[in-house]
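Student: This is entry_35.txt (compact mmCIF, C-alpha atoms).
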```
# COMPACT_ATOMS: atom_id res chain seq x y z
CA MET A 1 2.79 -34.85 -11.06
CA ILE A 2 0.53 -37.12 -8.98
CA CYS A 3 1.08 -37.38 -5.26
CA SER A 4 -0.74 -39.71 -2.88
CA GLN A 5 -2.89 -38.08 -0.23
CA ASN A 6 -0.71 -39.22 2.66
CA THR A 7 2.39 -37.49 1.29
CA SER A 8 0.81 -34.27 0.03
CA ILE A 9 0.66 -31.01 1.96
CA THR A 10 -2.34 -28.69 2.07
CA VAL A 11 -1.55 -25.07 2.87
CA THR A 12 -4.03 -22.23 3.35
CA ALA A 13 -2.61 -18.75 2.84
CA LEU A 14 -4.52 -15.81 4.31
CA GLY A 15 -4.27 -12.04 4.16
CA GLN A 16 -2.84 -10.11 7.09
CA THR A 17 -4.73 -10.19 10.37
CA LEU A 18 -5.40 -6.79 11.92
CA MET A 19 -7.62 -8.04 14.73
CA THR A 20 -8.27 -5.78 17.69
CA TYR A 21 -11.79 -6.98 18.55
CA ASP A 22 -13.10 -10.37 19.71
CA PHE A 23 -13.88 -12.16 16.43
CA GLN A 24 -15.18 -15.35 18.05
CA ARG A 25 -17.59 -13.57 20.41
CA LEU A 26 -18.80 -10.82 18.07
CA ARG A 27 -19.14 -12.89 14.89
CA PRO A 28 -19.48 -16.54 15.99
CA GLU A 29 -21.08 -17.74 12.75
CA GLN A 30 -18.37 -16.19 10.58
CA PHE A 31 -15.65 -17.41 12.95
CA ASN A 32 -16.90 -21.00 12.85
CA GLN A 33 -17.29 -20.83 9.07
CA CYS A 34 -13.62 -19.91 8.72
CA LYS A 35 -12.58 -22.57 11.22
CA SER A 36 -14.45 -25.22 9.23
CA LEU A 37 -12.95 -24.09 5.93
CA PHE A 38 -9.38 -24.31 7.21
CA ALA A 39 -9.80 -27.59 9.13
CA ASP A 40 -8.34 -29.88 6.47
CA SER A 41 -5.16 -27.82 5.98
CA THR A 42 -1.77 -29.02 7.13
CA PHE A 43 -0.61 -25.44 7.61
CA VAL A 44 -2.60 -22.19 7.83
CA ILE A 45 -0.59 -18.99 7.51
CA THR A 46 -1.26 -15.34 8.29
CA ASN A 47 0.66 -12.17 9.14
CA MET A 48 -0.19 -10.65 12.53
CA GLU A 49 -0.11 -6.94 11.75
CA PRO A 50 -0.66 -5.34 15.19
CA ALA A 51 1.54 -5.39 18.24
CA LEU A 52 0.54 -7.76 21.01
CA GLY A 53 -1.02 -5.94 23.93
CA ILE A 54 -0.08 -7.29 27.35
CA PRO A 55 -1.63 -5.46 30.34
CA GLY A 56 0.87 -3.26 32.15
CA ILE A 57 3.66 -3.75 29.62
CA GLY A 58 4.81 -1.18 27.08
CA SER A 59 3.40 2.14 25.97
CA PRO A 60 2.47 3.62 22.58
CA THR A 61 5.43 4.61 20.42
CA ARG A 62 3.47 6.43 17.73
CA PRO A 63 2.47 10.10 17.74
CA PRO A 64 -1.18 10.84 18.57
CA ASP A 65 -2.11 11.45 14.91
CA SER A 66 -0.76 8.06 13.80
CA PRO A 67 -2.82 4.87 14.32
CA THR A 68 -1.60 2.46 16.97
CA HIS A 69 -2.66 -1.12 16.29
CA VAL A 70 -2.71 -3.48 19.26
CA MET A 71 -4.18 -6.98 19.51
CA PRO A 72 -5.05 -7.93 23.09
CA ILE A 73 -3.09 -11.00 24.14
CA SER A 74 -6.41 -12.62 25.11
CA LEU A 75 -7.24 -12.93 21.39
CA LEU A 76 -4.12 -14.91 20.51
CA PRO A 77 -5.75 -18.32 21.17
CA GLN A 78 -8.43 -17.44 18.60
CA LEU A 79 -5.83 -17.57 15.85
CA GLN A 80 -4.90 -21.08 16.92
CA CYS A 81 -8.57 -22.03 17.19
CA LEU A 82 -8.99 -21.02 13.53
CA GLY A 83 -6.24 -23.49 12.66
CA ILE A 84 -3.50 -20.92 12.10
CA ASN A 85 -0.24 -22.65 13.01
CA LEU A 86 2.40 -20.60 11.17
CA LEU A 87 2.37 -16.96 12.27
CA ALA A 88 4.38 -14.15 10.68
CA ALA A 89 4.86 -11.44 13.30
CA ALA A 90 6.94 -8.84 11.42
CA SER A 91 5.18 -5.64 10.40
CA ASN A 92 5.52 -1.88 10.65
CA HIS A 93 3.15 -2.03 13.65
CA SER A 94 4.99 -4.74 15.62
CA TRP A 95 6.74 -2.06 17.72
CA ASP A 96 3.64 0.06 18.36
CA MET A 97 3.88 -0.69 22.09
CA GLY A 98 7.66 -0.65 22.28
CA THR A 99 10.47 -3.12 22.89
CA ALA A 100 9.15 -4.41 26.22
CA SER A 101 5.92 -5.39 24.48
CA ILE A 102 7.81 -7.33 21.81
CA ILE A 103 9.77 -9.25 24.45
CA ALA A 104 6.62 -10.01 26.44
CA GLY A 105 4.79 -10.96 23.25
CA ILE A 106 7.52 -13.47 22.38
CA GLN A 107 7.12 -15.04 25.81
CA GLU A 108 3.35 -15.34 25.31
CA LEU A 109 3.73 -16.85 21.84
CA GLU A 110 6.13 -19.43 23.23
CA LYS A 111 3.78 -20.24 26.13
CA CYS A 112 1.13 -21.03 23.50
CA ASN A 113 3.59 -23.16 21.50
CA PHE A 114 2.84 -20.95 18.50
CA ALA A 115 5.25 -21.28 15.57
CA TYR A 116 6.12 -17.63 14.87
CA ALA A 117 8.82 -15.65 13.12
CA GLY A 118 9.79 -12.05 12.37
CA ILE A 119 10.33 -10.72 15.90
CA GLY A 120 13.06 -11.72 18.30
CA ILE A 121 15.08 -10.90 21.38
CA ASP A 122 17.91 -10.03 18.98
CA ARG A 123 18.60 -9.93 15.25
CA GLN A 124 19.48 -13.61 14.90
CA HIS A 125 16.31 -14.65 16.74
CA SER A 126 14.13 -12.37 14.58
CA ILE A 127 15.46 -14.02 11.40
CA ARG A 128 15.13 -17.55 12.76
CA ALA A 129 12.28 -19.60 11.32
CA GLY A 130 9.30 -20.73 13.32
CA VAL A 131 8.60 -24.44 12.89
CA ALA A 132 5.29 -26.32 13.18
CA HIS A 133 4.53 -30.03 12.98
CA LYS A 134 1.22 -31.54 11.86
CA ASP A 135 0.16 -34.85 10.33
CA GLY A 136 3.75 -35.98 10.05
CA LYS A 137 4.73 -32.85 8.09
CA THR A 138 6.98 -29.98 9.17
CA GLY A 139 6.45 -26.41 8.06
CA ALA A 140 8.78 -23.45 8.55
CA ILE A 141 8.02 -19.74 8.36
CA ILE A 142 10.46 -16.86 7.89
CA SER A 143 9.01 -13.36 8.32
CA MET A 144 10.41 -9.92 7.55
CA ALA A 145 9.19 -6.35 7.05
CA THR A 146 10.24 -3.49 4.77
CA GLY A 147 9.20 0.15 5.01
CA LYS A 148 8.00 2.37 7.86
CA ILE A 149 10.12 0.53 10.41
CA ARG A 150 10.85 3.38 12.80
CA PRO A 151 14.16 3.95 14.63
CA GLY A 152 14.36 1.53 17.55
CA ALA A 153 11.93 -0.99 16.05
CA ALA A 154 14.37 -3.23 14.19
CA ALA A 155 16.10 -6.07 15.97
CA SER A 156 19.87 -5.72 16.33
CA ASP A 157 22.65 -7.85 17.76
CA LEU A 158 21.89 -6.38 21.20
CA HIS A 159 18.27 -5.28 20.88
CA ALA A 160 14.89 -6.98 20.57
CA GLY A 161 12.70 -6.03 17.64
CA VAL A 162 11.52 -6.76 14.12
CA ASN A 163 13.34 -8.58 11.32
CA GLU A 164 13.78 -5.60 9.00
CA LEU A 165 14.67 -6.12 5.34
CA ARG A 166 16.07 -2.69 4.51
CA LEU A 167 15.50 -0.99 1.16
CA PHE A 168 18.13 1.71 0.67
CA ASP A 169 16.75 3.32 -2.49
CA ALA A 170 14.21 2.51 -5.18
CA ASP A 171 15.59 -0.96 -5.85
CA THR A 172 18.54 -1.82 -3.57
CA LEU A 173 18.07 -4.13 -0.60
CA SER A 174 20.64 -4.46 2.17
CA ASP A 175 23.13 -7.18 1.24
CA ARG A 176 23.44 -8.32 4.85
CA ASP A 177 19.67 -8.52 5.33
CA LYS A 178 19.24 -10.47 2.11
CA GLU A 179 22.07 -12.89 2.77
CA GLU A 180 21.05 -13.74 6.33
CA ASN A 181 17.39 -14.30 5.44
CA LEU A 182 18.26 -16.35 2.35
CA GLU A 183 20.59 -18.53 4.40
CA GLU A 184 17.77 -19.24 6.87
CA ILE A 185 15.46 -20.15 3.98
CA SER A 186 18.09 -22.52 2.60
CA ARG A 187 18.68 -24.06 6.02
CA CYS A 188 14.97 -24.83 6.39
CA LYS A 189 14.75 -26.36 2.95
CA ARG A 190 17.85 -28.49 3.58
CA SER A 191 16.09 -29.76 6.70
CA GLY A 192 13.22 -31.00 4.55
CA TYR A 193 10.66 -28.45 5.78
CA TYR A 194 7.83 -26.97 3.73
CA THR A 195 9.23 -23.44 3.77
CA THR A 196 7.19 -20.24 3.63
CA VAL A 197 8.49 -16.68 3.42
CA VAL A 198 6.10 -13.95 4.55
CA HIS A 199 7.06 -10.37 3.69
CA HIS A 200 5.20 -7.33 5.07
CA ASN A 201 5.97 -4.43 2.73
CA HIS A 202 5.15 -0.72 3.02
CA GLU A 203 7.35 0.54 0.18
CA TRP A 204 4.40 0.79 -2.22
CA MET A 205 4.07 2.05 -5.75
CA GLN A 206 1.77 5.04 -6.30
CA ASP A 207 -0.78 2.51 -7.53
CA LYS A 208 -0.79 0.05 -4.63
CA ARG A 209 -2.01 -2.74 -6.90
CA ILE A 210 1.29 -2.77 -8.79
CA THR A 211 4.14 -4.91 -7.44
CA PRO A 212 7.51 -3.09 -7.50
CA GLN A 213 10.32 -4.76 -9.44
CA TRP A 214 12.63 -4.98 -6.41
CA LEU A 215 9.97 -7.03 -4.61
CA ILE A 216 9.57 -9.36 -7.60
CA ASN A 217 13.35 -9.86 -7.58
CA TRP A 218 13.31 -10.56 -3.85
CA ALA A 219 10.49 -13.10 -4.15
CA HIS A 220 12.39 -14.90 -6.92
CA ALA A 221 15.54 -14.94 -4.77
CA CYS A 222 13.60 -16.52 -1.90
CA ILE A 223 12.25 -19.27 -4.17
CA ASP A 224 15.74 -19.80 -5.63
CA ALA A 225 17.05 -20.22 -2.07
CA GLY A 226 14.49 -22.93 -1.31
CA ALA A 227 11.18 -21.30 -0.35
CA ASP A 228 8.09 -23.27 -1.37
CA LEU A 229 5.74 -20.30 -0.92
CA PHE A 230 6.26 -16.53 -0.91
CA LEU A 231 3.37 -14.68 0.72
CA GLY A 232 3.17 -10.88 0.65
CA HIS A 233 1.26 -8.49 2.92
CA GLY A 234 1.33 -4.80 3.77
CA ALA A 235 -1.02 -3.02 1.41
CA PRO A 236 -4.64 -3.89 2.31
CA LEU A 237 -5.55 -5.08 -1.19
CA LEU A 238 -4.84 -7.85 -3.68
CA GLN A 239 -1.90 -7.88 -6.06
CA GLY A 240 -1.11 -10.59 -8.60
CA ILE A 241 -0.09 -14.23 -8.38
CA GLU A 242 2.99 -15.67 -10.08
CA ILE A 243 4.05 -19.30 -10.42
CA TYR A 244 7.84 -19.31 -10.42
CA ARG A 245 9.79 -22.56 -10.74
CA GLY A 246 6.67 -24.49 -9.73
CA ARG A 247 6.18 -22.44 -6.54
CA PRO A 248 3.45 -19.86 -5.89
CA ILE A 249 4.25 -16.22 -5.21
CA LEU A 250 1.22 -14.45 -3.74
CA TYR A 251 2.47 -10.89 -3.93
CA ASN A 252 -0.14 -9.33 -1.68
CA LEU A 253 -3.22 -11.00 -0.20
CA GLY A 254 -4.76 -7.95 1.42
CA SER A 255 -6.45 -8.54 4.77
CA PHE A 256 -8.02 -11.56 6.44
CA VAL A 257 -9.30 -9.43 9.34
CA PHE A 258 -9.30 -5.64 8.94
CA ASN A 259 -10.27 -3.94 12.22
CA CYS A 260 -8.61 -0.75 10.98
CA SER A 261 -8.86 2.41 13.06
CA SER A 262 -10.65 4.41 10.36
CA LYS A 263 -12.90 3.28 7.52
CA GLU A 264 -12.68 6.74 5.96
CA LYS A 265 -9.06 6.22 4.91
CA TRP A 266 -9.98 3.00 3.09
CA LYS A 267 -13.19 3.92 1.28
CA GLU A 268 -12.69 2.04 -1.98
CA GLU A 269 -14.23 -1.41 -2.28
CA VAL A 270 -10.89 -2.89 -3.35
CA TYR A 271 -9.66 -2.64 0.27
CA TRP A 272 -12.53 -4.84 1.47
CA TYR A 273 -12.08 -7.62 -1.10
CA THR A 274 -9.69 -10.45 -0.35
CA VAL A 275 -9.15 -14.17 -0.83
CA ALA A 276 -8.04 -17.26 1.03
CA ILE A 277 -5.90 -19.54 -1.12
CA LYS A 278 -5.64 -23.28 -0.58
CA LEU A 279 -2.52 -24.86 -2.06
CA GLN A 280 -2.17 -28.58 -2.63
CA CYS A 281 1.54 -29.39 -2.79
CA ALA A 282 3.67 -32.46 -3.33
CA SER A 283 5.88 -33.66 -0.51
CA ASP A 284 8.81 -31.74 -2.04
CA GLY A 285 6.77 -28.50 -2.02
CA GLU A 286 5.91 -28.37 -5.73
CA LEU A 287 2.49 -26.83 -6.37
CA LEU A 288 -0.09 -29.31 -7.66
CA LYS A 289 -3.33 -27.35 -7.34
CA MET A 290 -4.50 -23.91 -6.23
CA ASP A 291 -8.03 -23.09 -5.04
CA ILE A 292 -9.15 -19.51 -4.43
CA LEU A 293 -11.93 -18.49 -2.03
CA PRO A 294 -13.17 -14.89 -2.48
CA ILE A 295 -13.86 -13.14 0.82
CA LEU A 296 -15.70 -9.92 1.62
CA LEU A 297 -14.68 -7.90 4.67
CA ASP A 298 -17.69 -6.29 6.34
CA ARG A 299 -17.23 -2.51 6.42
CA LYS A 300 -20.79 -1.53 7.40
CA SER A 301 -20.99 -3.13 10.83
CA ASP A 302 -19.43 -1.89 14.04
CA PRO A 303 -16.81 -3.17 14.61
CA HIS A 304 -15.94 -3.61 10.96
CA GLY A 305 -13.52 -5.74 8.98
CA PHE A 306 -14.47 -9.33 9.79
CA PRO A 307 -14.43 -11.86 6.92
CA THR A 308 -17.35 -13.63 5.31
CA ILE A 309 -17.51 -15.73 2.16
CA ALA A 310 -18.38 -13.46 -0.77
CA ASN A 311 -21.62 -14.02 -2.66
CA ASP A 312 -21.54 -15.10 -6.30
CA GLN A 313 -21.61 -11.57 -7.68
CA ILE A 314 -18.79 -10.26 -5.47
CA SER A 315 -16.84 -13.49 -5.96
CA GLN A 316 -16.86 -12.96 -9.70
CA ILE A 317 -15.61 -9.39 -9.33
CA ILE A 318 -12.77 -10.50 -7.05
CA LEU A 319 -11.76 -13.46 -9.22
CA ASP A 320 -11.92 -11.46 -12.46
CA ASP A 321 -9.74 -8.69 -11.02
CA LEU A 322 -7.20 -11.11 -9.54
CA ALA A 323 -7.09 -13.11 -12.78
CA ASP A 324 -6.60 -9.97 -14.87
CA THR A 325 -3.75 -8.66 -12.69
CA SER A 326 -2.05 -12.05 -12.54
CA ARG A 327 -2.25 -12.54 -16.31
CA ARG A 328 -1.07 -9.02 -17.23
CA CYS A 329 1.75 -8.80 -14.72
CA PHE A 330 2.97 -12.39 -14.43
CA GLY A 331 1.40 -14.47 -17.21
CA THR A 332 -0.51 -16.56 -14.66
CA ILE A 333 -3.83 -17.97 -15.89
CA ILE A 334 -6.58 -18.17 -13.25
CA SER A 335 -9.96 -19.59 -14.25
CA LEU A 336 -13.24 -20.64 -12.64
CA SER A 337 -11.68 -24.07 -12.14
CA ASN A 338 -9.46 -22.43 -9.51
CA LYS A 339 -12.42 -21.37 -7.36
CA TRP A 340 -12.40 -23.00 -3.93
CA ARG A 341 -15.61 -25.04 -3.93
CA GLN A 342 -17.18 -25.55 -0.54
CA ASN A 343 -18.92 -28.69 0.60
CA THR A 344 -22.65 -28.08 1.00
```
Would you encode the structure as structure tokens?
Tutor:
Amino acid sequence: MICSQNTSITVTALGQTLMTYDFQRLRPEQFNQCKSLFADSTFVITNMEPALGIPGIGSPTRPPDSPTHVMPISLLPQLQCLGINLLAAASNHSWDMGTASIIAGIQELEKCNFAYAGIGIDRQHSIRAGVAHKDGKTGAIISMATGKIRPGAAASDLHAGVNELRLFDADTLSDRDKEENLEEISRCKRSGYYTTVVHHNHEWMQDKRITPQWLINWAHACIDAGADLFLGHGAPLLQGIEIYRGRPILYNLGSFVFNCSSKEKWKEEVYWYTVAIKLQCASDGELLKMDILPILLDRKSDPHGFPTIANDQISQIILDDLADTSRRCFGTIISLSNKWRQNT
């Protein structure tokens, strides 16, 4: 299918953003490199993993031996400066500073005119899509989280919180959660929006690189309901890519920024390899082209976890591993022709 440039949509999908340090000030060259790379995209999408930290509001909800992840509210404009305009806010850390912090965070996101989803002042609000407009196109984002959502964190009819997609056993999702999220996806698609679903999952297999069958089924259901892109986060590593009904499913993109509290827990190189994926789509959302940019997260510096474009050797390792997983698990063929080629 050939689509003229003025009707096509360019979408950049990123790993989750666990940013607790000032990226722009501490790594200006890397920050500006990312900003330049994303500049031609209609929509740039990430999952904000930490809670938003607003001075004087909220207090830690986790026990002392459990990591609390908080992104200072002062860093929020940096995400917009990078070109990120669709923000998934649901994660297992969204409630790390409590309900008051979620409510205040929503107010700050709305002050910034940031299209966000996944947290809300009540259940209906947390399911509701965030909507962004750029270059005459409209994009919608629906965000939910599964696993390690502690009591009190989920949004309810009378309570602010996270859009939780509950998993009751090894493969059974809550019917109500599924139905209400799928209806929102369908509503967005009926409105003519480019529709993205972002799912933050902590119900992992023993081998974190393997995608559980229930999650595959859920991703397919989202596409069937009208989603143009399904983007997974949660585990800080790459899983496979599937093309389902002409739409990309990126089961887990690892991290875009990984200012984790402890490098010792994440020693293996696989946790520091990631990609940015640029999708060229027709006006109806059908995938036309996919370009993959391998990224290395710096684990040797202090603070650690900021992204830089991987060198040729590391790029080949990342692409080979992603291609192998995608082929074995989903029959998706990724080749060197899919590498995101930068202008020099």
Student: List as CSV every residue of segment 124-220 of chain A that is in contact with segment 102-110 of chain A, defined as an atom at most 12 Å from one of its atoms (using all atoms listed in the file), together with the nearest atom pair and the distance in Å rounded to one decimal, sorted by chain and then rising number.
Tutor:
```
residue,atom,partner,partner_atom,distance
A:His125,CA,A:Ile106,CA,10.5
A:Ser126,CA,A:Ile106,CA,10.3
A:Gly130,CA,A:Glu110,CA,10.5
A:Val131,CA,A:Glu110,CA,11.8
A:Gly152,CA,A:Ile102,CA,11.8
A:Ala153,CA,A:Ile102,CA,9.5
A:Ala154,CA,A:Ile102,CA,10.9
A:Ala155,CA,A:Ile102,CA,10.2
A:His159,CA,A:Ile103,CA,10.0
A:Ala160,CA,A:Ile103,CA,6.8
A:Gly161,CA,A:Ile102,CA,6.6
A:Val162,CA,A:Ile102,CA,8.6
A:Asn163,CA,A:Ile102,CA,11.9
```
Student: So how many Å separate atom CA of Asp177 of chain A and atom CA of Leu165 of chain A, to one decimal?
Tutor: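 So the two atoms, atom CA of Asp177 of chain A and atom CA of Leu165 of chain A, lie 5.5 Å apart.
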Student: From the set A:Ile309, A:Val11, A:Ile216, A:Ile119, which residue has the shortest atom-to-atom contact distance to Phe330 of chain A, counting only C-alpha atoms?
Tutor: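 Of all the options, A:Ile216 lies closest to Phe330 of chain A.
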Student: At a cut-off of 9 Å, using all atoms listed in the file, what residues contact segment 32-36 of chain A? Leave out same-chain residues fewer than 3 positions from it and give the result as an MDAnalysis selection string.
Tutor: chainID A and resid 24 27:29 39:40 81:83 307:309
Student: Counting only C-alpha atoms, what is within 10 Å of Asp171 of chain A, bar same-chain residues fewer than 2 positions away, as a JSON list (two decimals) with C-alpha atoms, in the frame of the given file?
Tutor:
```json
[["chain", "number", "residue", "atom", "x", "y", "z"],
["A", 167, "LEU", "CA", 15.50, -0.99, 1.16],
["A", 168, "PHE", "CA", 18.13, 1.71, 0.67],
["A", 169, "ASP", "CA", 16.75, 3.32, -2.49],
["A", 173, "LEU", "CA", 18.07, -4.13, -0.60],
["A", 212, "PRO", "CA", 7.51, -3.09, -7.50],
["A", 213, "GLN", "CA", 10.32, -4.76, -9.44],
["A", 214, "TRP", "CA", 12.63, -4.98, -6.41],
["A", 215, "LEU", "CA", 9.97, -7.03, -4.61],
["A", 217, "ASN", "CA", 13.35, -9.86, -7.58]]
```
Student: How far is it from atom CA of Pro64 of chain A to atom CA of Lys265 of chain A, in Å with one decimal?
Tutor: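 It comes out at 16.4 Å.
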Student: Around (-13.6, 5.0, 8.0), as given in the file, which residues come within 12 Å? Count all atoms listed in the file and list them as a PyMOL selection string.
Tutor: chain A and resi 258-268+271-272+299-305
Student: Taking the structure I provided as the source, export segment 40-57 of chain A with N, CA and C atoms, as a PDB file, in the first residue's frame.
Tutor:
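Written output follows (out18.pdb):
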```pdb
ATOM      1  N   ASP A  40      10.909  14.274  13.628  1.00  0.00           N
ATOM      2  CA  ASP A  40      10.021  14.147  12.472  1.00  0.00           C
ATOM      3  C   ASP A  40       8.823  13.241  12.737  1.00  0.00           C
ATOM      4  N   SER A  41       8.627  12.826  13.976  1.00  0.00           N
ATOM      5  CA  SER A  41       7.526  11.918  14.301  1.00  0.00           C
ATOM      6  C   SER A  41       6.243  12.686  14.597  1.00  0.00           C
ATOM      7  N   THR A  42       5.138  12.144  14.134  1.00  0.00           N
ATOM      8  CA  THR A  42       3.838  12.715  14.476  1.00  0.00           C
ATOM      9  C   THR A  42       3.544  12.489  15.956  1.00  0.00           C
ATOM     10  N   PHE A  43       3.780  11.253  16.401  1.00  0.00           N
ATOM     11  CA  PHE A  43       3.555  10.914  17.803  1.00  0.00           C
ATOM     12  C   PHE A  43       4.764  10.160  18.346  1.00  0.00           C
ATOM     13  N   VAL A  44       5.168  10.507  19.568  1.00  0.00           N
ATOM     14  CA  VAL A  44       6.248   9.817  20.275  1.00  0.00           C
ATOM     15  C   VAL A  44       5.659   9.323  21.592  1.00  0.00           C
ATOM     16  N   ILE A  45       5.867   8.036  21.876  1.00  0.00           N
ATOM     17  CA  ILE A  45       5.139   7.376  22.964  1.00  0.00           C
ATOM     18  C   ILE A  45       6.108   6.726  23.941  1.00  0.00           C
ATOM     19  N   THR A  46       5.876   6.939  25.226  1.00  0.00           N
ATOM     20  CA  THR A  46       6.602   6.210  26.262  1.00  0.00           C
ATOM     21  C   THR A  46       5.664   5.930  27.432  1.00  0.00           C
ATOM     22  N   ASN A  47       6.148   5.094  28.338  1.00  0.00           N
ATOM     23  CA  ASN A  47       5.440   4.768  29.579  1.00  0.00           C
ATOM     24  C   ASN A  47       6.231   5.369  30.737  1.00  0.00           C
ATOM     25  N   MET A  48       5.634   6.302  31.457  1.00  0.00           N
ATOM     26  CA  MET A  48       6.274   6.899  32.626  1.00  0.00           C
ATOM     27  C   MET A  48       6.145   5.917  33.784  1.00  0.00           C
ATOM     28  N   GLU A  49       7.262   5.294  34.155  1.00  0.00           N
ATOM     29  CA  GLU A  49       7.192   4.262  35.186  1.00  0.00           C
ATOM     30  C   GLU A  49       7.075   4.824  36.599  1.00  0.00           C
ATOM     31  N   PRO A  50       7.815   5.871  36.976  1.00  0.00           N
ATOM     32  CA  PRO A  50       7.745   6.326  38.368  1.00  0.00           C
ATOM     33  C   PRO A  50       6.505   7.160  38.663  1.00  0.00           C
ATOM     34  N   ALA A  51       6.274   7.353  39.953  1.00  0.00           N
ATOM     35  CA  ALA A  51       5.281   8.328  40.389  1.00  0.00           C
ATOM     36  C   ALA A  51       5.832   9.725  40.143  1.00  0.00           C
ATOM     37  N   LEU A  52       4.928  10.683  40.009  1.00  0.00           N
ATOM     38  CA  LEU A  52       5.354  12.075  39.914  1.00  0.00           C
ATOM     39  C   LEU A  52       5.537  12.638  41.317  1.00  0.00           C
ATOM     40  N   GLY A  53       6.683  13.265  41.533  1.00  0.00           N
ATOM     41  CA  GLY A  53       6.984  13.835  42.839  1.00  0.00           C
ATOM     42  C   GLY A  53       6.696  15.323  42.874  1.00  0.00           C
ATOM     43  N   ILE A  54       5.726  15.717  43.683  1.00  0.00           N
ATOM     44  CA  ILE A  54       5.365  17.122  43.837  1.00  0.00           C
ATOM     45  C   ILE A  54       5.712  17.527  45.264  1.00  0.00           C
ATOM     46  N   PRO A  55       6.545  18.553  45.454  1.00  0.00           N
ATOM     47  CA  PRO A  55       6.981  18.931  46.802  1.00  0.00           C
ATOM     48  C   PRO A  55       5.811  19.122  47.764  1.00  0.00           C
ATOM     49  N   GLY A  56       5.916  18.481  48.923  1.00  0.00           N
ATOM     50  CA  GLY A  56       4.925  18.647  49.973  1.00  0.00           C
ATOM     51  C   GLY A  56       3.671  17.815  49.817  1.00  0.00           C
ATOM     52  N   ILE A  57       3.602  16.999  48.767  1.00  0.00           N
ATOM     53  CA  ILE A  57       2.387  16.210  48.529  1.00  0.00           C
ATOM     54  C   ILE A  57       2.726  14.728  48.492  1.00  0.00           C
TER      55      ILE A  57
END
```
